[in-house]
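Visitor: Attaching a single structure in structure tokens format; questions to follow.
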Amino acid sequence: MRIAIIGGGSAGLVTAHLLDRVHDVTVFEKASVLGGHVRTLNRNVSCDLDANLILDAGVIEFETRNFPTVMRLFESLGCVTRPVPGTTTFWTHDGVHHLSPGSMKRAGGSLGQRLRQLIDLLELKLQGTRFHRRTNLPETVLDTRTFGDLLSEADADRWAALLATYAYSIPYERVREMPAGLTIPMLRAFEHAQSWVSLEGGSWDYLGRIVDRFSGTLHTDAHVDRVTRKEHGVTVHMASGEALSFDKLVIAAPPDQTLALLADPSEAERRRFGAWRANHIHVLIHQDRGLYDRRGVEVMTEFDVIETAPHQGGYNCYLNVLCGVPETEERAFGLAFGLDEWIDSEQVIVRHEHHTPDYTVESHRWHHEVSATNGENHTYHVGAWLGDGLQEGAVTSALAVSKLLGGDTIA
């Protein structure tokens with residue numbers, strides 16, 4: 001069969017990889033580079049840094065326990081992983097710095113300081129226990145609630161909210177509007193994380209290996225105007241006026257784009273996708289160590305989540321260890337979101353725009369039905385939003401569609 005895949009991010013490229021051996025696959029990506037949220041400087045994204053500096057500007061790390069399908073894919077592709085720390089701190093808007101157990105070990109300090117940190121950690125654990133009791137609800141109930149419905153103003157709850165901001169790049173001021181059915185299971189799962197890894201060569205390494213082996217057709221700067229579907233198949237109409245015929249269509253674009261792509265959506269498709277909206281955000285790759293120095297903070301961790309004001313803030317990821325920057329490098333590289341006013345613009349290396357799903361209770365409620373009806377009107381859907389919203393969801397959705405279309409599995 002001839003299969004068109006619209007979207008060249010993780011889900012689209014993994015789907016193409018799994019279908020490549022048995023079908024004639026064509027991928028259409030409207031951006032100038034492939035990868036979607038997987039962006040690696042000096043790999044799929046060009047920059048002015050030395051070629052030996054490989055910095056991720058999107059997806060950075062993977063957790064082995066919660067990403068089992070991703071781990072199997074890496075192994076099948078021959079990717080090399082390296083262990084990275086999973087340490088985190090929470091900076092409150094009123095100047096308090098809460099340290100996780102891992103960041104406490106890195107911080108050191110006097111006996112008195114370490115005792116105060118331990119007392120603080122015990123108080124946070126008590127708050128966390130109350131949070132877990134409050135959120136220990138059936139999935140059917142969580143699916144009807146917003147994340148904010150279950151949050152208090154306790155520091156542990158605000159820390160959890162900022163971790164959700166990190167996971168989904170939803171602005172902190174809007175993260176409470178996210179569905180509890182997505183955020184609470186994610187927080188529960190990662191509380192029991194075993195080990196974090198990143199990829200040698202950056203996160204693009206696994207998609208780059210897929211692209212190198214792909215025998216189908218890849219189009220970048222490919223602007224699809226609309227898709228029409230008939231009994232015999234689908235026609236992809238390009239903005240250039242060209243019309244291309246295929247047997248099946250896989251939509252691997254953000255879900256808010258689905259109805260704009262389909263010239264003939266059914267009533268069921270309008271219901272499933274009508275509530276989705278775009279989340280347009282940007283991140284900064286920078287070398288502003290002063291973000292820490294100006295506030296007297298000595299410990300840089302991989303997941304520093306920061307309130308800049310009540311219900312405002314973002315995060316900064318310390319990239320040197322996460323991305324395997326040579327130890328001889330004196331600069332401290334970071335990936336920041338929601339902290340533009342805190343970062344010296346002269347120290348910004350790259351600003352990257354991202355288009356991600358804007359999760360709400362109403363939009364998220366249909367994701368199970370979308371997966372269950374894959375194949376209707378010759379149309380299939382893949383994307384992280386159909387699962388956990390992270391890389392595991394992207395890969396498992398691709399695997400599910402590959403199975404429906406007789407493609408490969410992941411050993």
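Labels for the structure tokens follow display order: chains A, B, ..., residues from 1 in each chain, ligands from 1.
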From a DSSP pass on the backbone, collect the residues of stretch 350-408 of chain A flagged as strand (DSSP E) and hand them back as a list in words.

Guide: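 Of stretch 350-408 of chain A, only Val350, Arg351, His352, Glu353, His354, His355, Thr356, Pro357, Asp358, Thr379, Tyr380 and His381 of chain A fall in strand (DSSP E).
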
Visitor: Write the residues you've just listed into a file as a short mmCIF file (atom, residue, chain, number, x, y, z; two decimals), in the first residue's frame, and include N, CA and C atoms for each of them.

Guide:
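Okay, selection.cif is ready:
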```cif
data_model
loop_
_atom_site.label_atom_id
_atom_site.label_comp_id
_atom_site.auth_asym_id
_atom_site.auth_seq_id
_atom_site.Cartn_x
_atom_site.Cartn_y
_atom_site.Cartn_z
N VAL A 350 20.33 30.03 21.24
CA VAL A 350 19.27 29.69 20.28
C VAL A 350 17.92 29.87 20.98
N ARG A 351 16.96 30.40 20.27
CA ARG A 351 15.56 30.41 20.71
C ARG A 351 14.81 29.47 19.78
N HIS A 352 14.12 28.48 20.38
CA HIS A 352 13.40 27.51 19.57
C HIS A 352 11.90 27.60 19.83
N GLU A 353 11.13 27.65 18.74
CA GLU A 353 9.68 27.67 18.83
C GLU A 353 9.17 26.22 18.79
N HIS A 354 8.16 25.94 19.60
CA HIS A 354 7.54 24.62 19.63
C HIS A 354 6.02 24.75 19.55
N HIS A 355 5.40 23.83 18.84
CA HIS A 355 3.93 23.75 18.74
C HIS A 355 3.54 22.43 19.40
N THR A 356 2.91 22.51 20.55
CA THR A 356 2.54 21.31 21.30
C THR A 356 1.04 21.31 21.57
N PRO A 357 0.47 20.19 21.96
CA PRO A 357 -0.96 20.16 22.29
C PRO A 357 -1.26 20.96 23.56
N ASP A 358 -2.38 21.65 23.55
CA ASP A 358 -2.86 22.36 24.73
C ASP A 358 -3.90 21.47 25.40
N THR A 379 -8.01 6.59 7.67
CA THR A 379 -7.20 7.55 8.42
C THR A 379 -6.79 6.98 9.77
N TYR A 380 -5.52 7.20 10.13
CA TYR A 380 -4.95 6.73 11.38
C TYR A 380 -4.28 7.92 12.08
N HIS A 381 -4.18 7.83 13.40
CA HIS A 381 -3.59 8.92 14.17
C HIS A 381 -2.50 8.38 15.09
#
```

Visitor: Please, which residues of stretch 243-320 of chain A, numbered as in this document, come out alpha helix (DSSP H) from DSSP, as a list in words?

Guide: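 So, restricting stretch 243-320 of chain A to alpha helix (DSSP H), we get Thr258, Leu259, Ala260, Leu261, Glu267, Ala268, Glu269, Arg270, Arg271, Arg272, Phe273, Gly290, Leu291, Tyr292, Asp293, Leu319 and Asn320 of chain A.
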
Visitor: Go ahead and save the picked residues with N, CA and C atoms, as a short mmCIF file (atom, residue, chain, number, x, y, z; two decimals), in the first residue's frame.

Guide:
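Contents of the output file again-v9.cif:
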```
data_model
loop_
_atom_site.label_atom_id
_atom_site.label_comp_id
_atom_site.auth_asym_id
_atom_site.auth_seq_id
_atom_site.Cartn_x
_atom_site.Cartn_y
_atom_site.Cartn_z
N THR A 258 -5.78 18.66 13.03
CA THR A 258 -6.47 17.59 12.31
C THR A 258 -7.63 18.11 11.47
N LEU A 259 -8.52 18.88 12.07
CA LEU A 259 -9.70 19.33 11.33
C LEU A 259 -9.33 20.29 10.20
N ALA A 260 -8.24 21.03 10.38
CA ALA A 260 -7.79 21.92 9.30
C ALA A 260 -7.23 21.12 8.13
N LEU A 261 -6.68 19.94 8.40
CA LEU A 261 -6.12 19.12 7.33
C LEU A 261 -7.21 18.38 6.55
N GLU A 267 -18.75 13.81 11.42
CA GLU A 267 -19.24 14.38 12.68
C GLU A 267 -18.49 13.81 13.87
N ALA A 268 -18.15 12.53 13.79
CA ALA A 268 -17.38 11.92 14.87
C ALA A 268 -16.00 12.56 14.98
N GLU A 269 -15.36 12.83 13.85
CA GLU A 269 -14.04 13.48 13.88
C GLU A 269 -14.15 14.90 14.41
N ARG A 270 -15.21 15.61 14.07
CA ARG A 270 -15.40 16.97 14.61
C ARG A 270 -15.53 16.92 16.13
N ARG A 271 -16.21 15.90 16.63
CA ARG A 271 -16.38 15.77 18.07
C ARG A 271 -15.06 15.43 18.74
N ARG A 272 -14.30 14.53 18.14
CA ARG A 272 -13.06 14.08 18.76
C ARG A 272 -11.96 15.14 18.76
N PHE A 273 -11.97 16.02 17.77
CA PHE A 273 -10.87 16.97 17.62
C PHE A 273 -11.27 18.43 17.79
N GLY A 290 24.75 33.30 35.42
CA GLY A 290 24.28 34.32 36.34
C GLY A 290 22.86 34.09 36.82
N LEU A 291 22.10 33.29 36.11
CA LEU A 291 20.76 32.91 36.56
C LEU A 291 20.84 32.37 37.99
N TYR A 292 21.94 31.69 38.31
CA TYR A 292 22.16 31.13 39.63
C TYR A 292 22.99 32.08 40.50
N ASP A 293 24.06 32.61 39.94
CA ASP A 293 24.96 33.45 40.72
C ASP A 293 24.26 34.68 41.28
N LEU A 319 22.35 21.52 31.19
CA LEU A 319 22.57 20.59 30.08
C LEU A 319 23.93 19.92 30.07
N ASN A 320 24.91 20.43 30.80
CA ASN A 320 26.26 19.92 30.65
C ASN A 320 26.35 18.42 30.89
#
```

Visitor: What is the atom CA of A:Ala398 to atom CA of A:His219 distance in Å?

Guide: 19.2 Å

Visitor: Using only C-alpha atoms, which of A:Gly36, A:Pro138, A:Pro171, A:Gly208 sits nearest A:Phe74?

Guide: A:Gly208

Visitor: Calculated over only C-alpha atoms, which of the candidates A:Val175, A:Leu151, A:Ala16, A:Ala11 has the smallest distance to A:Gly313?

Guide: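 With only C-alpha atoms as the atom set, the closest residue is A:Val175.
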
Visitor: Could you give me, as an MDAnalysis selection string, the residues within 12 Å of stretch 262-264 of chain A, counting only C-alpha atoms and dropping anything in the same chain fewer than 2 positions from it?

Guide: chainID A and resid 6 224:230 234:237 249:251 255:260 266:270 273 377:379

Visitor: Please produce a file of those selected residues containing C-alpha atoms, as a CSV table (one decimal), in the first residue's frame.

Guide:
```csv
chain,number,residue,atom,x,y,z
A,6,ILE,CA,1.7,14.0,7.7
A,224,VAL,CA,-0.2,20.2,2.9
A,225,ASP,CA,-3.3,22.3,2.1
A,226,ARG,CA,-5.9,19.6,2.7
A,227,VAL,CA,-6.7,15.9,2.4
A,228,THR,CA,-9.7,14.4,0.7
A,229,ARG,CA,-10.9,10.8,1.3
A,230,LYS,CA,-12.9,8.6,-1.0
A,234,VAL,CA,-7.0,9.5,0.0
A,235,THR,CA,-5.6,12.4,-1.9
A,236,VAL,CA,-3.1,14.8,-0.4
A,237,HIS,CA,-3.4,18.2,-1.9
A,249,LEU,CA,-3.3,8.4,5.7
A,250,VAL,CA,-1.5,8.7,9.0
A,251,ILE,CA,-1.8,12.0,10.8
A,255,PRO,CA,-4.2,17.2,17.2
A,256,ASP,CA,-5.4,20.8,16.9
A,257,GLN,CA,-4.3,20.6,13.2
A,258,THR,CA,-6.5,17.6,12.3
A,259,LEU,CA,-9.7,19.3,11.3
A,260,ALA,CA,-7.8,21.9,9.3
A,266,SER,CA,-17.1,13.3,9.8
A,267,GLU,CA,-19.2,14.4,12.7
A,268,ALA,CA,-17.4,11.9,14.9
A,269,GLU,CA,-14.0,13.5,13.9
A,270,ARG,CA,-15.4,17.0,14.6
A,273,PHE,CA,-10.9,17.0,17.6
A,377,ASN,CA,-12.1,6.8,6.5
A,378,HIS,CA,-8.6,5.3,5.7
A,379,THR,CA,-7.2,7.5,8.4
```

Visitor: Between A:Val348, A:Val361, A:Ala394, A:Leu199, which residue has the minimum interatomic distance to A:Arg176, considering only C-alpha atoms?

Guide: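 Looking only at the distances to A:Arg176, the closest residue turns out to be A:Val361.
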
Visitor: Find the distance between atom CA of A:Asp340 and atom CA of A:Asp288 and write it in Å to one decimal.

Guide: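 Atom CA of A:Asp340 sits 11.3 Å away from atom CA of A:Asp288.
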
Visitor: Let me make sure I understand: among A:Ser402, A:Gln391, A:Ser371, A:Asn42, which one has the smallest atom-to-atom distance to A:Gly202 if we use only C-alpha atoms?

Guide: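 Between A:Ser402, A:Gln391, A:Ser371, A:Asn42, the residue approaching A:Gly202 most closely is A:Asn42.
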